[in-house]
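Listing of upload_15.cif, mmCIF, C-alpha atoms and all ligand atoms
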```cif
data_start
#
loop_
_atom_site.label_atom_id
_atom_site.label_comp_id
_atom_site.auth_asym_id
_atom_site.auth_seq_id
_atom_site.Cartn_x
_atom_site.Cartn_y
_atom_site.Cartn_z
CA MET R 6 52.81 -82.41 -74.92
CA ARG R 7 56.13 -82.58 -73.21
CA ILE R 8 55.59 -81.83 -69.53
CA ILE R 9 58.54 -81.32 -67.19
CA VAL R 10 57.99 -81.67 -63.45
CA ILE R 11 60.56 -79.41 -61.79
CA ILE R 12 61.47 -80.45 -58.26
CA PRO R 13 63.81 -78.13 -56.33
CA THR R 14 65.72 -79.84 -53.54
CA TYR R 15 67.86 -78.79 -50.66
CA ASN R 16 68.64 -81.55 -48.18
CA GLU R 17 65.78 -83.80 -49.20
CA VAL R 18 67.65 -87.10 -49.06
CA GLU R 19 64.83 -88.66 -47.05
CA ASN R 20 62.19 -87.66 -49.60
CA ILE R 21 63.57 -87.46 -53.12
CA GLY R 22 64.05 -91.18 -53.78
CA LYS R 23 60.50 -92.03 -52.81
CA MET R 24 59.18 -89.04 -54.78
CA LEU R 25 60.95 -90.10 -57.99
CA ASP R 26 59.71 -93.63 -57.44
CA VAL R 27 56.06 -92.70 -56.97
CA LEU R 28 56.05 -90.28 -59.89
CA THR R 29 57.79 -92.40 -62.51
CA ARG R 30 56.44 -95.83 -61.55
CA GLU R 31 52.94 -95.13 -60.27
CA GLU R 32 51.79 -91.77 -61.58
CA PHE R 33 53.33 -91.10 -65.00
CA PRO R 34 51.97 -94.36 -66.47
CA LYS R 35 48.48 -93.05 -65.66
CA ILE R 36 49.07 -89.95 -67.81
CA LYS R 37 48.71 -91.46 -71.26
CA ASP R 38 48.52 -88.47 -73.62
CA HIS R 39 51.67 -86.66 -72.59
CA SER R 40 55.39 -87.25 -72.26
CA MET R 41 56.31 -86.74 -68.61
CA LYS R 42 59.82 -86.01 -67.37
CA ILE R 43 61.36 -84.87 -64.10
CA LEU R 44 64.03 -82.23 -63.58
CA VAL R 45 65.53 -82.17 -60.09
CA VAL R 46 67.20 -78.83 -59.33
CA ASP R 47 69.56 -79.48 -56.44
CA ASP R 48 71.79 -76.86 -54.86
CA ASN R 49 74.63 -79.21 -53.99
CA SER R 50 72.81 -80.45 -50.90
CA PRO R 51 75.40 -81.63 -48.35
CA ASP R 52 73.18 -84.57 -47.35
CA GLY R 53 73.72 -86.36 -50.67
CA THR R 54 70.34 -85.69 -52.29
CA ALA R 55 72.03 -85.63 -55.70
CA ASP R 56 73.49 -89.11 -55.23
CA VAL R 57 70.00 -90.54 -54.81
CA VAL R 58 68.95 -88.81 -58.03
CA ARG R 59 72.00 -90.06 -59.94
CA LYS R 60 71.31 -93.61 -58.84
CA GLU R 61 67.77 -93.34 -60.18
CA MET R 62 69.01 -91.83 -63.47
CA LYS R 63 71.05 -94.97 -64.16
CA ILE R 64 67.87 -97.00 -64.50
CA ASN R 65 65.45 -94.26 -65.52
CA GLN R 66 65.50 -92.14 -68.68
CA ASN R 67 62.80 -89.78 -67.43
CA VAL R 68 64.86 -88.08 -64.75
CA GLU R 69 67.42 -85.30 -65.15
CA LEU R 70 69.51 -83.46 -62.59
CA LEU R 71 70.68 -79.85 -62.61
CA LEU R 72 73.18 -78.73 -60.01
CA GLY R 73 74.06 -75.26 -58.80
CA SER R 74 75.06 -73.25 -55.77
CA LYS R 75 72.47 -72.34 -53.17
CA GLN R 76 71.13 -68.83 -53.81
CA GLY R 77 67.47 -69.31 -52.97
CA LEU R 78 64.39 -71.14 -54.18
CA GLY R 79 63.61 -68.56 -56.88
CA VAL R 80 67.10 -68.75 -58.37
CA ALA R 81 66.89 -72.54 -58.40
CA TYR R 82 63.50 -72.47 -60.15
CA VAL R 83 64.62 -69.91 -62.74
CA ARG R 84 67.60 -72.09 -63.56
CA GLY R 85 65.34 -75.13 -63.80
CA MET R 86 62.70 -73.39 -65.93
CA LYS R 87 65.28 -72.12 -68.42
CA TYR R 88 66.83 -75.58 -68.67
CA ALA R 89 63.41 -77.22 -69.11
CA MET R 90 62.49 -74.79 -71.92
CA LYS R 91 65.84 -74.73 -73.75
CA LYS R 92 67.30 -78.18 -73.21
CA MET R 93 64.25 -80.35 -72.63
CA ASN R 94 61.83 -78.62 -75.04
CA ALA R 95 59.14 -78.28 -72.40
CA ASP R 96 55.61 -77.43 -73.54
CA ALA R 97 54.55 -77.06 -69.92
CA VAL R 98 56.26 -77.17 -66.53
CA ILE R 99 54.94 -78.26 -63.17
CA GLU R 100 56.37 -76.82 -59.94
CA LEU R 101 56.37 -79.46 -57.21
CA ASP R 102 57.98 -79.69 -53.76
CA ALA R 103 60.06 -82.76 -52.94
CA ASP R 104 58.82 -83.16 -49.38
CA PHE R 105 55.40 -84.79 -50.04
CA GLN R 106 53.52 -81.74 -48.76
CA HIS R 107 52.21 -81.77 -52.33
CA ASP R 108 50.72 -85.15 -53.15
CA PRO R 109 52.38 -86.57 -56.30
CA ARG R 110 49.03 -88.24 -57.07
CA ASP R 111 47.64 -84.73 -57.74
CA VAL R 112 49.96 -84.22 -60.72
CA LYS R 113 47.57 -86.01 -63.05
CA ARG R 114 44.71 -83.80 -61.88
CA LEU R 115 46.67 -80.67 -62.85
CA VAL R 116 47.43 -82.19 -66.25
CA ALA R 117 43.76 -83.11 -66.76
CA ALA R 118 42.74 -79.53 -66.05
CA MET R 119 45.27 -78.29 -68.62
CA ASP R 120 43.71 -80.67 -71.13
CA GLU R 121 40.39 -78.92 -70.56
CA GLY R 122 42.01 -75.86 -72.14
CA TYR R 123 43.67 -73.93 -69.34
CA ASP R 124 47.05 -72.18 -69.61
CA GLN R 125 47.85 -72.35 -65.93
CA VAL R 126 46.55 -74.76 -63.31
CA ILE R 127 47.04 -73.97 -59.63
CA GLY R 128 46.88 -76.54 -56.87
CA SER R 129 44.76 -74.48 -54.48
CA ARG R 130 44.52 -74.87 -50.72
CA TYR R 131 41.91 -72.17 -50.29
CA ILE R 132 38.98 -73.41 -52.35
CA LYS R 133 36.38 -76.01 -51.42
CA GLY R 134 38.08 -79.37 -51.07
CA GLY R 135 41.51 -77.86 -50.42
CA SER R 136 43.25 -77.55 -47.04
CA ILE R 137 46.35 -76.60 -45.09
CA PRO R 138 47.88 -78.88 -42.43
CA LYS R 139 45.73 -79.05 -39.32
CA GLU R 140 48.96 -79.63 -37.39
CA TRP R 141 50.11 -76.06 -38.14
CA GLU R 142 49.99 -73.71 -35.19
CA PHE R 143 47.69 -70.71 -35.40
CA TYR R 144 50.52 -68.31 -36.32
CA ARG R 145 51.54 -70.33 -39.36
CA LYS R 146 47.94 -70.64 -40.53
CA PHE R 147 47.37 -66.93 -40.06
CA ILE R 148 50.50 -65.93 -42.01
CA SER R 149 49.60 -68.24 -44.86
CA TRP R 150 46.00 -67.05 -45.03
CA GLY R 151 46.80 -63.35 -44.47
CA GLY R 152 49.70 -63.21 -46.92
CA ASN R 153 47.56 -64.83 -49.53
CA LEU R 154 44.69 -62.40 -48.96
CA PHE R 155 47.10 -59.44 -49.09
CA ALA R 156 48.47 -60.53 -52.47
CA ARG R 157 45.01 -61.08 -53.91
CA VAL R 158 43.64 -57.72 -52.78
CA VAL R 159 46.65 -55.50 -53.57
CA LEU R 160 47.23 -57.10 -56.96
CA LEU R 161 43.52 -57.25 -57.82
CA MET R 162 43.51 -61.00 -58.27
CA PHE R 163 40.23 -61.70 -56.45
CA THR R 164 39.25 -64.52 -58.76
CA LEU R 165 42.29 -66.51 -57.57
CA HIS R 166 42.11 -68.06 -54.11
CA ASP R 167 45.67 -69.26 -53.61
CA ALA R 168 48.34 -66.80 -54.79
CA THR R 169 51.20 -68.43 -52.87
CA SER R 170 50.69 -72.07 -53.77
CA GLY R 171 53.92 -73.87 -54.63
CA PHE R 172 52.20 -76.49 -56.79
CA LYS R 173 51.19 -75.48 -60.27
CA LEU R 174 51.33 -76.13 -63.97
CA THR R 175 52.23 -73.44 -66.50
CA LYS R 176 52.23 -73.66 -70.28
CA VAL R 177 55.42 -72.47 -71.93
CA LYS R 178 54.40 -71.01 -75.29
CA GLY R 179 52.93 -67.54 -74.85
CA PHE R 180 53.21 -67.76 -71.06
CA LEU R 181 56.35 -68.95 -69.27
CA ASP R 182 58.48 -68.01 -72.29
CA HIS R 183 57.29 -64.40 -71.86
CA VAL R 184 58.03 -64.14 -68.14
CA THR R 185 60.96 -61.88 -67.26
CA LEU R 186 62.90 -64.67 -65.57
CA ASN R 187 66.09 -62.59 -65.51
CA ARG R 188 64.46 -59.71 -63.67
CA LEU R 189 62.31 -61.30 -61.00
CA LEU R 190 61.95 -59.24 -57.81
CA SER R 191 62.90 -62.14 -55.55
CA LYS R 192 65.62 -64.75 -55.42
CA SER R 193 63.69 -66.65 -52.82
CA TYR R 194 60.13 -67.88 -52.19
CA ALA R 195 58.42 -64.69 -53.44
CA TYR R 196 59.53 -65.45 -57.02
CA LYS R 197 56.25 -67.39 -57.15
CA ILE R 198 54.10 -64.31 -56.64
CA HIS R 199 56.01 -62.43 -59.32
CA ILE R 200 55.66 -65.18 -61.93
CA LEU R 201 52.00 -65.69 -61.07
CA TYR R 202 51.40 -61.96 -61.46
CA GLU R 203 53.00 -61.83 -64.90
CA ILE R 204 51.22 -64.96 -66.14
CA VAL R 205 47.81 -63.90 -64.88
CA LYS R 206 47.89 -60.14 -65.31
CA GLU R 207 50.27 -59.49 -68.19
CA ARG R 208 49.73 -62.64 -70.24
CA SER R 209 46.01 -62.91 -69.34
CA ALA R 210 46.27 -66.67 -68.91
CA ARG R 211 43.17 -68.79 -68.51
CA VAL R 212 43.65 -70.06 -64.98
CA LYS R 213 42.03 -73.03 -63.24
CA GLU R 214 42.34 -73.81 -59.56
CA VAL R 215 42.03 -77.44 -58.51
CA PRO R 216 41.67 -78.17 -54.78
CA ILE R 217 44.66 -79.83 -53.07
CA LYS R 218 45.37 -80.95 -49.54
CA PHE R 219 48.66 -79.41 -48.45
CA HIS R 220 50.06 -82.09 -46.15
CA PHE R 221 52.17 -81.81 -43.05
CA ARG R 222 55.89 -82.29 -43.65
CA GLU R 223 56.81 -85.71 -42.22
CA ARG R 224 60.54 -85.88 -43.05
CA GLY R 225 63.27 -83.25 -43.28
CA SER R 226 62.64 -79.60 -42.48
CA SER R 227 61.24 -76.49 -44.13
CA LYS R 228 63.73 -73.99 -45.52
CA ILE R 229 61.45 -70.98 -45.37
CA GLU R 230 62.60 -68.17 -43.05
CA HIS R 231 61.06 -65.08 -41.52
CA GLU R 232 62.77 -62.86 -44.08
CA ASP R 233 61.03 -64.79 -46.84
CA VAL R 234 57.66 -63.91 -45.37
CA PHE R 235 58.56 -60.22 -45.10
CA GLU R 236 60.00 -60.25 -48.59
CA SER R 237 56.75 -61.62 -49.97
CA PHE R 238 54.87 -58.58 -48.66
CA LYS R 239 57.56 -56.33 -50.16
CA VAL R 240 57.31 -58.02 -53.56
CA VAL R 241 53.52 -57.64 -53.57
CA ILE R 242 53.86 -53.90 -52.91
CA LEU R 243 56.55 -53.47 -55.58
CA LEU R 244 54.37 -55.31 -58.08
CA PHE R 245 51.48 -53.00 -57.21
CA PHE R 246 53.55 -49.96 -58.20
CA ARG R 247 54.25 -51.59 -61.54
CA SER R 248 50.64 -52.60 -62.07
CA ARG R 249 48.46 -51.21 -64.80
CA PHE R 250 45.93 -50.23 -62.20
CA PHE R 251 48.44 -47.95 -60.48
CA LYS R 252 49.82 -46.49 -63.72
CA PHE R 253 46.31 -45.97 -64.99
CA ALA R 254 45.41 -44.03 -61.83
CA ILE R 255 48.53 -41.85 -62.21
CA VAL R 256 47.74 -41.16 -65.86
CA GLY R 257 44.21 -40.23 -64.79
CA LEU R 258 45.54 -37.75 -62.20
CA ILE R 259 47.91 -36.19 -64.74
CA GLY R 260 45.03 -36.03 -67.22
CA PHE R 261 42.86 -34.24 -64.69
CA SER R 262 45.57 -31.64 -63.94
CA ILE R 263 46.07 -31.00 -67.63
CA ASN R 264 42.33 -30.65 -68.04
CA ALA R 265 42.05 -28.11 -65.22
CA PHE R 266 45.08 -26.17 -66.44
CA PHE R 267 43.96 -25.89 -70.06
CA LEU R 268 40.44 -24.89 -69.10
CA GLU R 269 41.88 -21.79 -67.37
CA PHE R 270 44.52 -21.29 -70.05
CA PHE R 271 41.93 -21.15 -72.83
CA ARG R 272 39.74 -18.81 -70.80
CA ARG R 273 42.62 -16.53 -69.77
CA PHE R 274 43.77 -16.01 -73.34
CA GLY R 275 40.24 -15.85 -74.70
CA ILE R 276 40.89 -18.61 -77.19
CA PHE R 277 37.20 -19.47 -77.51
CA ASP R 278 35.75 -15.98 -77.00
CA ASN R 279 35.05 -15.59 -80.73
CA LEU R 280 33.47 -19.00 -81.06
CA GLY R 281 31.21 -18.28 -78.10
CA GLY R 282 30.55 -14.80 -79.44
CA SER R 283 29.35 -16.15 -82.78
CA PHE R 284 26.48 -17.76 -80.87
CA SER R 285 25.66 -14.61 -78.91
CA TYR R 286 22.29 -14.35 -80.68
CA LEU R 287 21.30 -17.44 -78.64
CA GLU R 288 21.84 -15.66 -75.32
CA GLY R 289 18.76 -15.93 -73.15
CA SER R 290 17.41 -18.79 -75.23
CA LYS R 291 17.48 -22.48 -74.34
CA LEU R 292 20.70 -22.90 -76.36
CA ASN R 293 22.43 -20.16 -74.37
CA ILE R 294 25.13 -22.66 -73.44
CA LEU R 295 26.61 -22.43 -76.97
CA SER R 296 27.51 -18.80 -76.36
CA GLN R 297 29.59 -19.65 -73.26
CA PRO R 298 33.34 -19.50 -74.01
CA SER R 299 33.85 -21.55 -70.81
CA ALA R 300 31.83 -24.44 -72.20
CA TRP R 301 33.98 -24.51 -75.37
CA SER R 302 37.15 -24.13 -73.30
CA ALA R 303 36.13 -27.06 -71.09
CA ALA R 304 35.42 -29.28 -74.09
CA ALA R 305 38.76 -28.34 -75.68
CA ALA R 306 40.64 -28.89 -72.40
CA GLY R 307 38.95 -32.29 -72.17
CA GLU R 308 40.27 -33.11 -75.61
CA VAL R 309 43.82 -32.13 -74.62
CA ALA R 310 43.54 -34.45 -71.62
CA ILE R 311 42.33 -37.25 -73.88
CA VAL R 312 45.40 -36.85 -76.10
CA SER R 313 47.66 -36.93 -73.05
CA ASN R 314 45.88 -39.96 -71.59
CA PHE R 315 46.13 -41.81 -74.86
CA ILE R 316 49.86 -41.15 -75.26
CA LEU R 317 50.75 -41.98 -71.64
CA ASN R 318 48.57 -45.08 -71.54
CA ASN R 319 49.87 -46.39 -74.82
CA PHE R 320 53.54 -45.86 -74.08
CA TRP R 321 53.52 -46.47 -70.32
CA THR R 322 50.48 -48.22 -68.85
CA PHE R 323 50.13 -50.63 -71.74
CA ALA R 324 53.77 -50.48 -72.85
CA SER R 325 53.97 -54.27 -73.09
CA ASN R 326 51.36 -54.31 -75.84
CA LYS R 327 51.66 -50.78 -77.20
CA PHE R 328 50.90 -49.86 -80.77
CA THR R 329 53.95 -48.69 -82.69
CA GLN R 330 52.91 -48.55 -86.32
CA PRO R 331 51.83 -44.94 -87.16
CA LEU R 332 48.63 -45.88 -88.97
CA ARG R 333 47.66 -48.27 -86.21
CA ILE R 334 48.31 -45.58 -83.58
CA LEU R 335 46.16 -43.16 -85.54
CA TRP R 336 43.33 -45.67 -85.85
CA LYS R 337 43.47 -46.60 -82.16
CA PHE R 338 43.59 -42.91 -81.26
CA LEU R 339 40.44 -42.24 -83.26
CA GLU R 340 38.76 -45.21 -81.61
CA PHE R 341 39.84 -43.96 -78.18
CA ASN R 342 38.57 -40.50 -79.05
CA LEU R 343 35.23 -41.84 -80.16
CA THR R 344 34.69 -43.61 -76.84
CA SER R 345 35.83 -40.46 -75.00
CA LEU R 346 33.57 -38.15 -77.02
CA GLY R 347 30.87 -38.48 -74.39
CA ALA R 348 33.33 -37.17 -71.79
CA VAL R 349 34.00 -34.04 -73.90
CA PHE R 350 30.29 -33.53 -74.26
CA ILE R 351 29.70 -33.97 -70.50
CA GLN R 352 32.34 -31.32 -69.76
CA PHE R 353 30.83 -28.94 -72.27
CA ALA R 354 27.35 -29.37 -70.81
CA VAL R 355 28.24 -29.31 -67.11
CA ILE R 356 30.70 -26.39 -67.15
CA GLY R 357 28.56 -24.43 -69.64
CA THR R 358 25.48 -24.89 -67.44
CA ALA R 359 27.35 -24.10 -64.21
CA VAL R 360 28.80 -20.80 -65.45
CA GLY R 361 25.39 -19.91 -66.87
CA MET R 362 23.81 -20.41 -63.46
CA PHE R 363 26.47 -19.25 -61.02
CA GLY R 364 28.63 -16.86 -63.03
CA ASP R 365 31.76 -17.37 -65.09
CA THR R 366 34.47 -17.42 -62.41
CA ILE R 367 37.46 -19.68 -61.86
CA ILE R 368 35.86 -21.16 -58.73
CA VAL R 369 32.68 -22.11 -60.55
CA ARG R 370 34.57 -23.54 -63.51
CA GLN R 371 36.94 -25.62 -61.41
CA LEU R 372 34.24 -26.90 -59.03
CA ALA R 373 32.09 -27.82 -62.01
CA LEU R 374 35.06 -29.63 -63.54
CA VAL R 375 35.69 -31.64 -60.36
CA GLY R 376 31.99 -32.53 -60.21
CA ALA R 377 31.82 -33.48 -63.89
CA VAL R 378 34.93 -35.66 -63.71
CA GLY R 379 34.17 -37.28 -60.37
CA PHE R 380 30.48 -37.99 -60.78
CA LEU R 381 30.04 -38.43 -64.51
CA ILE R 382 33.26 -38.89 -66.47
CA VAL R 383 34.96 -41.54 -64.30
CA PRO R 384 31.85 -43.80 -64.31
CA TYR R 385 31.35 -43.05 -68.00
CA ASN R 386 34.92 -43.93 -68.94
CA TYR R 387 34.85 -47.01 -66.75
CA THR R 388 31.77 -48.23 -68.59
CA MET R 389 33.13 -47.41 -72.05
CA TYR R 390 36.52 -49.04 -71.38
CA ASN R 391 34.88 -52.21 -70.12
CA ILE R 392 32.66 -52.42 -73.17
CA PHE R 393 34.94 -51.21 -75.95
CA ILE R 394 38.58 -51.17 -74.91
CA TRP R 395 39.00 -54.25 -72.70
CA LYS R 396 35.73 -55.81 -73.83
CA ARG R 397 35.08 -57.32 -70.43
CA TRP R 398 31.36 -56.62 -70.42
CA LYS R 399 29.52 -58.42 -73.16
CA ILE R 400 26.51 -56.43 -74.28
CA PRO R 401 23.87 -58.38 -76.22
CA GLY R 402 23.40 -56.83 -79.65
CA LEU R 403 26.74 -55.03 -79.54
CA ALA R 404 28.84 -58.10 -80.32
CA TRP R 405 29.72 -56.75 -83.79
CA LEU R 406 31.24 -53.64 -82.21
CA GLN R 407 33.11 -55.55 -79.55
CA ARG R 408 35.35 -57.64 -81.78
N1 LIG R 501 67.29 -76.07 -54.98
C1 LIG R 501 66.73 -75.49 -53.91
N2 LIG R 501 67.29 -74.35 -53.40
N3 LIG R 501 65.61 -76.01 -53.37
C2 LIG R 501 65.06 -75.41 -52.32
C3 LIG R 501 65.58 -74.23 -51.74
C4 LIG R 501 66.78 -73.69 -52.33
O1 LIG R 501 67.31 -72.68 -51.88
N4 LIG R 501 64.78 -73.87 -50.70
C5 LIG R 501 63.80 -74.80 -50.64
N5 LIG R 501 63.96 -75.73 -51.60
C6 LIG R 501 63.11 -76.90 -51.91
C7 LIG R 501 62.87 -77.84 -50.77
O2 LIG R 501 63.88 -78.82 -50.70
C8 LIG R 501 61.49 -78.41 -51.11
O3 LIG R 501 61.59 -79.48 -52.03
C9 LIG R 501 60.79 -77.26 -51.77
O4 LIG R 501 61.83 -76.39 -52.26
C10 LIG R 501 59.88 -76.48 -50.80
O5 LIG R 501 60.66 -76.04 -49.71
P1 LIG R 501 60.11 -76.03 -48.20
O6 LIG R 501 61.19 -75.50 -47.37
O7 LIG R 501 59.53 -77.35 -47.86
O8 LIG R 501 58.98 -74.93 -48.35
P2 LIG R 501 57.67 -74.73 -47.47
O9 LIG R 501 56.98 -76.03 -47.27
O10 LIG R 501 58.01 -73.95 -46.26
O11 LIG R 501 56.83 -73.81 -48.45
C11 LIG R 501 55.99 -74.36 -49.46
O12 LIG R 501 54.70 -73.89 -49.30
C12 LIG R 501 54.53 -72.49 -49.48
C13 LIG R 501 53.11 -72.10 -49.25
O13 LIG R 501 52.73 -72.38 -47.95
C14 LIG R 501 56.52 -74.00 -50.84
O14 LIG R 501 55.81 -74.71 -51.83
C15 LIG R 501 56.38 -72.52 -51.12
O15 LIG R 501 56.73 -72.24 -52.47
C16 LIG R 501 54.95 -72.11 -50.88
O16 LIG R 501 54.80 -70.70 -51.05
MN MN R 502 57.60 -77.97 -47.53
#
```

Take the structure in the file and give it back as structure tokens.
Ligand code: GDD
Ligand code: MN
Amino acid sequence: MRIIVIIPTYNEVENIGKMLDVLTREEFPKIKDHSMKILVVDDNSPDGTADVVRKEMKINQNVELLLGSKQGLGVAYVRGMKYAMKKMNADAVIELDADFQHDPRDVKRLVAAMDEGYDQVIGSRYIKGGSIPKEWEFYRKFISWGGNLFARVVLLMFTLHDATSGFKLTKVKGFLDHVTLNRLLSKSYAYKIHILYEIVKERSARVKEVPIKFHFRERGSSKIEHEDVFESFKVVILLFFRSRFFKFAIVGLIGFSINAFFLEFFRRFGIFDNLGGSFSYLEGSKLNILSQPSAWSAAAAGEVAIVSNFILNNFWTFASNKFTQPLRILWKFLEFNLTSLGAVFIQFAVIGTAVGMFGDTIIVRQLALVGAVGFLIVPYNYTMYNIFIWKRWKIPGLAWLQR
């Protein structure tokens, strides 16, 4: 594979020469199965960083330089990633800092993990064997740890331990080439969180974390500012409002309102009075529930909500992989309906029983609906979706149904 190590630089004249040296002379020769190249993305550093790179390029084919104006780390990386994909035919890119806080000797470990079959490999400071600089004062440690925890919790990425790491490898095909590089929420450091989110959540990449020691910066100075820290929190929150989890919850709330409304609508206009009436001979028997128009109304209202949930989820929550072909939509709808059938049945049984016991009033119907949805249907749907829709729970013996 063709792997491009992207190194952004701003005033790194004291570091970049040594970094290029270590990578191309000591480390790349150890990576036998891949073609390794470096792309330095410099924002016209006034200290002459680019001159050092140019000097190296005269004697080294594996180094390229991309210049631009300084608009932030994210802008520099986007420019570099596009160039690596379009002009250098990258199969994978590695993000690496120039200042030796990331150890260039860890590059081969990231590549080795990719070779094991992973789509993204993260150099992680927060797993066993990883660390942050002990020289950092408490405040810096706390911000790093807290910001990271915040991103993981809000974006439901618990399985990842370092969401803000600046050292990682990402495959291009199917992953980086699908990231919305032109519409990232940050021009600065928080671009990392946005890309990570899309790769992990929207592209469902197989991710591996390898432990790294994040060293203390010995030469030059950090470019991160207070605004960058605040912006990272902002980006996490904005991503949450775009997340499937959030959309799914909104669709659920809309579905519930529709359900409650149609239950009363069907009752009010007596839509199911005849159907209930045709079972009136069962009144007083064990099957009394069949003669309850409210039970039929609840089941029908449940079905209306299912239709609404399906449409909204397909065209909004899961818009990025929605079904568009009519036959496919129909098939998926039937499948969705089949898994939701239990929910219709639960509504029929619970509301039918409740009105039978406590009288057929709006209060009883609506309370029974809240109870049915909250205590039975949400857990039921959660189980069904995990088994049949997202197939996250593998059930022995059901493998044939879970394909
Ligand atoms: N081209 C360009 N333009 N490069 C930049 C810019 C910019 O605006 N800002 C920073 N860089 C380069 C630096 O020259 C360095 O090579 C690298 O990006 C990282 O910058 P630092 O300023 O050293 O960042 P840091 O050490 O504070 O932050 C690192 O750790 C964070 C996690 O603690 C980075 O890796 C962050 O991405 C990471 O989130
Ligand atoms: Mn640094």

Practice item. Identify, counting only C-alpha atoms and all ligand atoms, the protein, DNA and RNA residues located within 7 Å of ligand MN 502 (chain R), and give them as JSON, numbers by chain. Key: {"R": [102, 104, 106, 222, 227]}

Within 7 Å of ligand LIG 501 (chain R): each chain R residue with its shortest pair, only C-alpha atoms and all ligand atoms, as a tab-separated table:
```
residue	atom	partner	partner_atom	distance
R:Ile12	CA	R:LIG501	O3	6.3
R:Pro13	CA	R:LIG501	N3	4.1
R:Thr14	CA	R:LIG501	O2	3.5
R:Tyr15	CA	R:LIG501	O2	4.0
R:Asn16	CA	R:LIG501	O2	6.0
R:Glu17	CA	R:LIG501	O2	5.5
R:Val46	CA	R:LIG501	N1	5.2
R:Asp47	CA	R:LIG501	N1	4.3
R:Asp48	CA	R:LIG501	N1	4.6
R:Lys75	CA	R:LIG501	O1	5.3
R:Gln76	CA	R:LIG501	O1	5.8
R:Gly77	CA	R:LIG501	O1	3.5
R:Leu78	CA	R:LIG501	C4	4.0
R:Ala81	CA	R:LIG501	N1	4.9
R:Asp102	CA	R:LIG501	O3	4.0
R:Ala103	CA	R:LIG501	O3	3.7
R:Asp104	CA	R:LIG501	O3	5.3
R:Gln106	CA	R:LIG501	O9	6.8
R:Ser149	CA	R:LIG501	O13	6.0
R:Thr169	CA	R:LIG501	O16	4.6
R:Ser170	CA	R:LIG501	O16	5.1
R:Gly171	CA	R:LIG501	O14	3.5
R:Phe172	CA	R:LIG501	O14	6.4
R:Tyr194	CA	R:LIG501	O15	5.5
R:Lys197	CA	R:LIG501	O15	6.8
R:Ser226	CA	R:LIG501	O6	6.5
R:Ser227	CA	R:LIG501	O6	3.4
R:Lys228	CA	R:LIG501	O6	3.5
R:Ile229	CA	R:LIG501	O10	4.6
```

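Using all atoms listed in the file, the shortest contact distance between Asn279 (chain R) and any of R:Gly347, R:Ser299, R:Pro331, R:Ser262 is found at R:Ser299.
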
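Closest approach to Lys239 (chain R) among R:Tyr88, R:Ile198, R:Ile36, R:Ala404 is made by R:Ile198 (distances from all atoms listed in the file).
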
Check your understanding: Between CA of Ala95 (chain R) and CA of Leu174 (chain R), what is the spacing in Å?
Key ->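 Atom-to-atom, CA of Leu174 (chain R) and CA of Ala95 (chain R) are spaced 11.7 Å apart.
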
Review point. Nearest to Leu243 (chain R) among R:Phe221, R:Phe277, R:Tyr202, R:Phe147, with distances taken over all atoms listed in the file: which residue is it?
Key: R:Tyr202

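Picture a line from CA of Tyr385 (chain R) to CA of Ile400 (chain R); it runs 15.6 Å.
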
Review point. Quick one, how far is CA of Gly281 (chain R) from CA of Trp301 (chain R)?
Key: 7.3 Å

Check your understanding: Can you list, as JSON, numbers by chain, every protein, DNA or RNA residue that comes within 8 Å of Asn264 (chain R) when you count only C-alpha atoms, leaving out same-chain residues fewer than 5 positions away?
Key -> {"R": [303, 306, 307, 309, 310]}

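In this comparison, which uses all atoms listed in the file, the residue of R:Gly260, R:Gly53, R:Gly179, R:Gly402 approaching Glu308 (chain R) most closely is R:Gly260.
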
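Minimum atom-to-atom distance to His220 (chain R), evaluated using only C-alpha atoms, belongs to R:Asp108 out of R:Asp108, R:Asp124, R:Glu32, R:Glu203.
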
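You can rank R:Glu236, R:Glu19, R:Asp365, R:Glu269 by their closest distance to Phe105 (chain R) using all atoms listed in the file, and at the top of that list sits R:Glu19.
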
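Residues lying within 7 Å of (35.0, -32.4, -75.9). Counted over all atoms listed in the file, they are Ala304, Ala305, Gly307, Glu308, Leu346, Ala348, Val349, Phe350, Gln352 and Phe353 of chain R.
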
Practice item. For Thr164 (chain R), work out the shell of residues within 12 Å, counting all atoms listed in the file and skipping chain neighbours fewer than 2 positions away, then give it as a VMD selection string. Key: chain R and resid 131 to 132 154 156 to 158 160 to 162 166 to 168 205 to 206 211 to 214

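Neighbours of Gln125 (chain R) closer than or equal to 10 Å, with all atoms listed in the file counted and sequence neighbours fewer than 6 positions away skipped, come out as Ala97, Val98, Ile99, Leu115, Val116, Ala118, Met119, Lys173, Leu174, Thr175, Lys176, Val177, Phe180, Leu181, Leu201, Ile204, Val205, Ala210, Arg211, Val212, Lys213 and Glu214 of chain R.
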